[in-house]
Amino acid sequence: MKDRLVEAFVNMEEEEALRLANEMLDGGGDPMEVVGACKDALETVGKQFECGEAFLPELMMAGEMMEAISAVVKPRLQGRAEAARIGKIIIGTVAGDVHDIGKNIAVFLLDSQGFEVIDLGVDVPPARFVETIRESGAKVVALSGLLTLAFDSMKATVDAIAGAGLRDQVKIMIGGAPVNEQVRSYAGADAWGRDAVHGVNLAKQWLGGVA
Ligand code: B12
């Protein structure tokens, strides 16, 4: 079923993809497996875009399909919600980047695991993160980015937090498909999350809650 979902997604058969996602979820499937199938499909669409076999409309269509499927996955994740709020986390897609599907998955997973999430949206300038740390007193900042240029924005954000004298008060994690240990080191973040579940585990280590 997962393979059929990947195939329908790549072929831009929105209704069929949505139907298969619902069937997997109704059959008791893990919501993160549905997300995983969509990620595999998006990777293929991304590669097609890179080599000129798909164009911006296909990229946009893929984004819309992912959003539609996220909307049916989300309530299943929220079904696992815990009552207590463990701590505050500021999250946003860094300046110059508007990709937010992965960030939104991280937001609803963190929320469903009991964190208070302050979502600053996309294309967030470094100063906005600094301001929000001051206003909220949050101890964790999560930066998302999908573009190569996001690496510089992540570094600029970490630098701005340090420049404001707040670096010792917060733990910073970064994530997004192209992020790895090298990017973490370049940006000066404390950790990088391979996926949203890893991000939740990092937050639990830093703020408490069982990882
Ligand atoms: C959908 C999409 C779009 C949509 C975005 C819609 C939206 N609302 O987000 C639209 C059409 C708007 C778009 C626009 C563009 N895109 Co685009 N897009 C994609 C695509 C196909 C999928 C991205 C996606 O949503 N993946 C699925 C999610 C679930 O995965 P994810 O984001 O990695 O998130 C997971 C983890 O990484 C993690 N995670 C994410 N964030 C965080 C944060 C933390 C803290 C943690 C712990 C974890 C975490 O959790 C998630 C779940 O586990 C990718 C290809 C790809 N495979 O990545 C290209 C891609 C990212 N886009 C690309 C490009 C070039 C563009 C454009 C420049 C195109 C153009 N010419 O205009 C613009 C950029 C606009 C901008 N300024 O940002 C390139 C980037 C190349 C590069 N090296 O920079 C890619 C790689 C395609 C390609 N292969 O060429 N895009």
# chains A, B, ... in the order shown; residues from 1 in each chain; ligands from 1
>>> select_by_dssp(residues="range 46-201 of chain A", states="alpha helix (DSSP H)", output="MDAnalysis selection string")
chainID A and resid 46:50 56:78 101:112 126:136 150:163 181:187 196:201
>>> residues_around(residues="Asp195 in chain A", least_positions_apart="5", cutoff="12 Å", atoms="only C-alpha atoms", output="PyMOL selection string")
chain A and resi 32+35-36+39+102-107+109-110+144+173-180+200-202
>>> residues_around(residues="range 5-17 of chain A", least_positions_apart="6", cutoff="9 Å", atoms="only C-alpha atoms", output="PyMOL selection string")
chain A and resi 34+37-42+44-45+58+61-62+65-66+68-69
>>> write_last_selection(atoms="N, CA and C atoms", output="CSV table (one decimal), in the first residue's frame")
chain,number,residue,atom,x,y,z
A,34,VAL,N,2.9,7.1,6.6
A,34,VAL,CA,2.2,7.8,5.5
A,34,VAL,C,3.1,9.0,5.2
A,37,ALA,N,6.0,7.9,3.2
A,37,ALA,CA,5.7,7.6,1.8
A,37,ALA,C,5.7,8.9,1.0
A,38,CYS,N,5.1,9.9,1.6
A,38,CYS,CA,5.0,11.2,0.9
A,38,CYS,C,6.4,11.8,0.7
A,39,LYS,N,7.2,11.6,1.7
A,39,LYS,CA,8.6,12.2,1.6
A,39,LYS,C,9.4,11.5,0.5
A,40,ASP,N,9.2,10.2,0.4
A,40,ASP,CA,9.8,9.4,-0.7
A,40,ASP,C,9.4,10.0,-2.1
A,41,ALA,N,8.1,10.2,-2.2
A,41,ALA,CA,7.5,10.7,-3.4
A,41,ALA,C,8.0,12.1,-3.7
A,42,LEU,N,8.1,12.9,-2.7
A,42,LEU,CA,8.6,14.3,-2.9
A,42,LEU,C,10.0,14.3,-3.3
A,44,THR,N,11.4,12.1,-5.2
A,44,THR,CA,11.4,11.8,-6.6
A,44,THR,C,11.0,13.0,-7.4
A,45,VAL,N,9.9,13.7,-7.0
A,45,VAL,CA,9.5,14.9,-7.7
A,45,VAL,C,10.6,16.0,-7.7
A,58,GLU,N,4.5,21.5,-11.1
A,58,GLU,CA,4.5,20.1,-10.5
A,58,GLU,C,5.0,20.2,-9.1
A,61,MET,N,2.1,21.6,-7.1
A,61,MET,CA,1.1,20.5,-7.0
A,61,MET,C,1.5,19.5,-5.9
A,62,ALA,N,2.8,19.2,-5.9
A,62,ALA,CA,3.4,18.2,-4.9
A,62,ALA,C,3.2,18.8,-3.5
A,65,MET,N,-0.4,18.6,-2.5
A,65,MET,CA,-0.8,17.2,-2.2
A,65,MET,C,-0.3,16.9,-0.8
A,66,MET,N,0.9,17.3,-0.5
A,66,MET,CA,1.5,17.0,0.8
A,66,MET,C,0.7,17.7,1.9
A,68,ALA,N,-2.5,18.5,1.8
A,68,ALA,CA,-3.8,17.8,1.9
A,68,ALA,C,-3.6,16.5,2.7
A,69,ILE,N,-2.5,15.8,2.5
A,69,ILE,CA,-2.3,14.5,3.2
A,69,ILE,C,-2.0,14.9,4.7
>>> closest_residue(among="A:Arg184, A:Lys171, A:Lys155, A:Arg4", to="Val94 in chain A", atoms="only C-alpha atoms")
A:Lys155
>>> closest_residue(among="A:Gly199, A:Gly193, A:Gly208, A:Pro126", to="Ala156 in chain A", atoms="only C-alpha atoms")
A:Pro126
>>> decode(residues="range 165-179 of chain A", atoms="all heavy atoms", output="short mmCIF file (atom, residue, chain, number, x, y, z; two decimals), in the first residue's frame")
data_model
loop_
_atom_site.label_atom_id
_atom_site.label_comp_id
_atom_site.auth_asym_id
_atom_site.auth_seq_id
_atom_site.Cartn_x
_atom_site.Cartn_y
_atom_site.Cartn_z
N GLY A 165 23.39 38.22 23.25
CA GLY A 165 23.76 37.73 24.58
C GLY A 165 22.84 36.63 25.09
O GLY A 165 22.78 36.36 26.29
N LEU A 166 22.13 35.95 24.17
CA LEU A 166 21.15 34.94 24.60
C LEU A 166 21.61 33.50 24.33
O LEU A 166 20.89 32.55 24.62
CB LEU A 166 19.82 35.17 23.86
CG LEU A 166 19.12 36.50 24.13
CD1 LEU A 166 18.01 36.74 23.12
CD2 LEU A 166 18.55 36.51 25.55
N ARG A 167 22.80 33.35 23.73
CA ARG A 167 23.20 32.01 23.27
C ARG A 167 23.25 30.98 24.41
O ARG A 167 22.92 29.82 24.20
CB ARG A 167 24.58 32.10 22.57
CG ARG A 167 25.03 30.79 21.91
CD ARG A 167 24.10 30.44 20.77
NE ARG A 167 24.40 29.13 20.17
CZ ARG A 167 23.85 27.99 20.56
NH1 ARG A 167 23.01 27.96 21.59
NH2 ARG A 167 24.14 26.87 19.95
N ASP A 168 23.68 31.42 25.62
CA ASP A 168 23.79 30.48 26.74
C ASP A 168 22.43 30.08 27.31
O ASP A 168 22.31 29.12 28.06
CB ASP A 168 24.60 31.09 27.89
CG ASP A 168 26.04 31.29 27.47
OD1 ASP A 168 26.45 30.67 26.47
OD2 ASP A 168 26.76 32.08 28.13
N GLN A 169 21.40 30.84 26.95
CA GLN A 169 20.08 30.56 27.52
C GLN A 169 19.24 29.60 26.68
O GLN A 169 18.19 29.15 27.11
CB GLN A 169 19.28 31.87 27.65
CG GLN A 169 19.90 32.83 28.63
CD GLN A 169 19.19 34.17 28.60
OE1 GLN A 169 17.98 34.24 28.42
NE2 GLN A 169 19.94 35.24 28.77
N VAL A 170 19.67 29.34 25.46
CA VAL A 170 18.86 28.48 24.58
C VAL A 170 19.68 27.37 23.93
O VAL A 170 20.87 27.51 23.70
CB VAL A 170 18.18 29.28 23.43
CG1 VAL A 170 17.11 30.20 23.94
CG2 VAL A 170 19.20 30.05 22.60
N LYS A 171 18.98 26.26 23.67
CA LYS A 171 19.54 25.18 22.86
C LYS A 171 18.95 25.37 21.47
O LYS A 171 17.76 25.67 21.34
CB LYS A 171 19.10 23.83 23.41
CG LYS A 171 19.80 23.47 24.71
CD LYS A 171 21.14 22.85 24.40
CE LYS A 171 21.70 22.12 25.60
NZ LYS A 171 23.08 21.65 25.32
N ILE A 172 19.79 25.19 20.47
CA ILE A 172 19.31 25.41 19.10
C ILE A 172 19.46 24.13 18.28
O ILE A 172 20.55 23.55 18.23
CB ILE A 172 20.10 26.55 18.42
CG1 ILE A 172 20.01 27.83 19.26
CG2 ILE A 172 19.58 26.79 16.99
CD1 ILE A 172 20.85 29.00 18.74
N MET A 173 18.34 23.72 17.64
CA MET A 173 18.42 22.58 16.72
C MET A 173 18.04 23.05 15.32
O MET A 173 17.28 24.01 15.17
CB MET A 173 17.52 21.43 17.16
CG MET A 173 16.05 21.71 17.08
SD MET A 173 15.05 20.21 17.29
CE MET A 173 14.55 20.36 19.01
N ILE A 174 18.61 22.39 14.32
CA ILE A 174 18.26 22.71 12.95
C ILE A 174 17.79 21.44 12.24
O ILE A 174 18.13 20.34 12.66
CB ILE A 174 19.44 23.36 12.18
CG1 ILE A 174 20.65 22.42 12.12
CG2 ILE A 174 19.82 24.69 12.81
CD1 ILE A 174 21.80 22.96 11.24
N GLY A 175 17.00 21.62 11.18
CA GLY A 175 16.52 20.46 10.43
C GLY A 175 16.03 20.85 9.06
O GLY A 175 15.97 22.04 8.71
N GLY A 176 15.69 19.84 8.27
CA GLY A 176 15.31 20.03 6.87
C GLY A 176 16.14 19.07 6.04
O GLY A 176 17.26 18.74 6.44
N ALA A 177 15.59 18.65 4.90
CA ALA A 177 16.22 17.59 4.10
C ALA A 177 17.74 17.73 3.89
O ALA A 177 18.46 16.75 4.03
CB ALA A 177 15.50 17.45 2.77
N PRO A 178 18.28 18.91 3.55
CA PRO A 178 19.71 18.96 3.24
C PRO A 178 20.62 19.14 4.45
O PRO A 178 21.84 19.20 4.30
CB PRO A 178 19.82 20.18 2.33
CG PRO A 178 18.73 21.09 2.79
CD PRO A 178 17.64 20.23 3.35
N VAL A 179 20.04 19.22 5.63
CA VAL A 179 20.83 19.50 6.83
C VAL A 179 21.57 18.24 7.30
O VAL A 179 21.03 17.13 7.25
CB VAL A 179 19.89 20.04 7.95
CG1 VAL A 179 20.60 20.08 9.29
CG2 VAL A 179 19.39 21.43 7.58
#
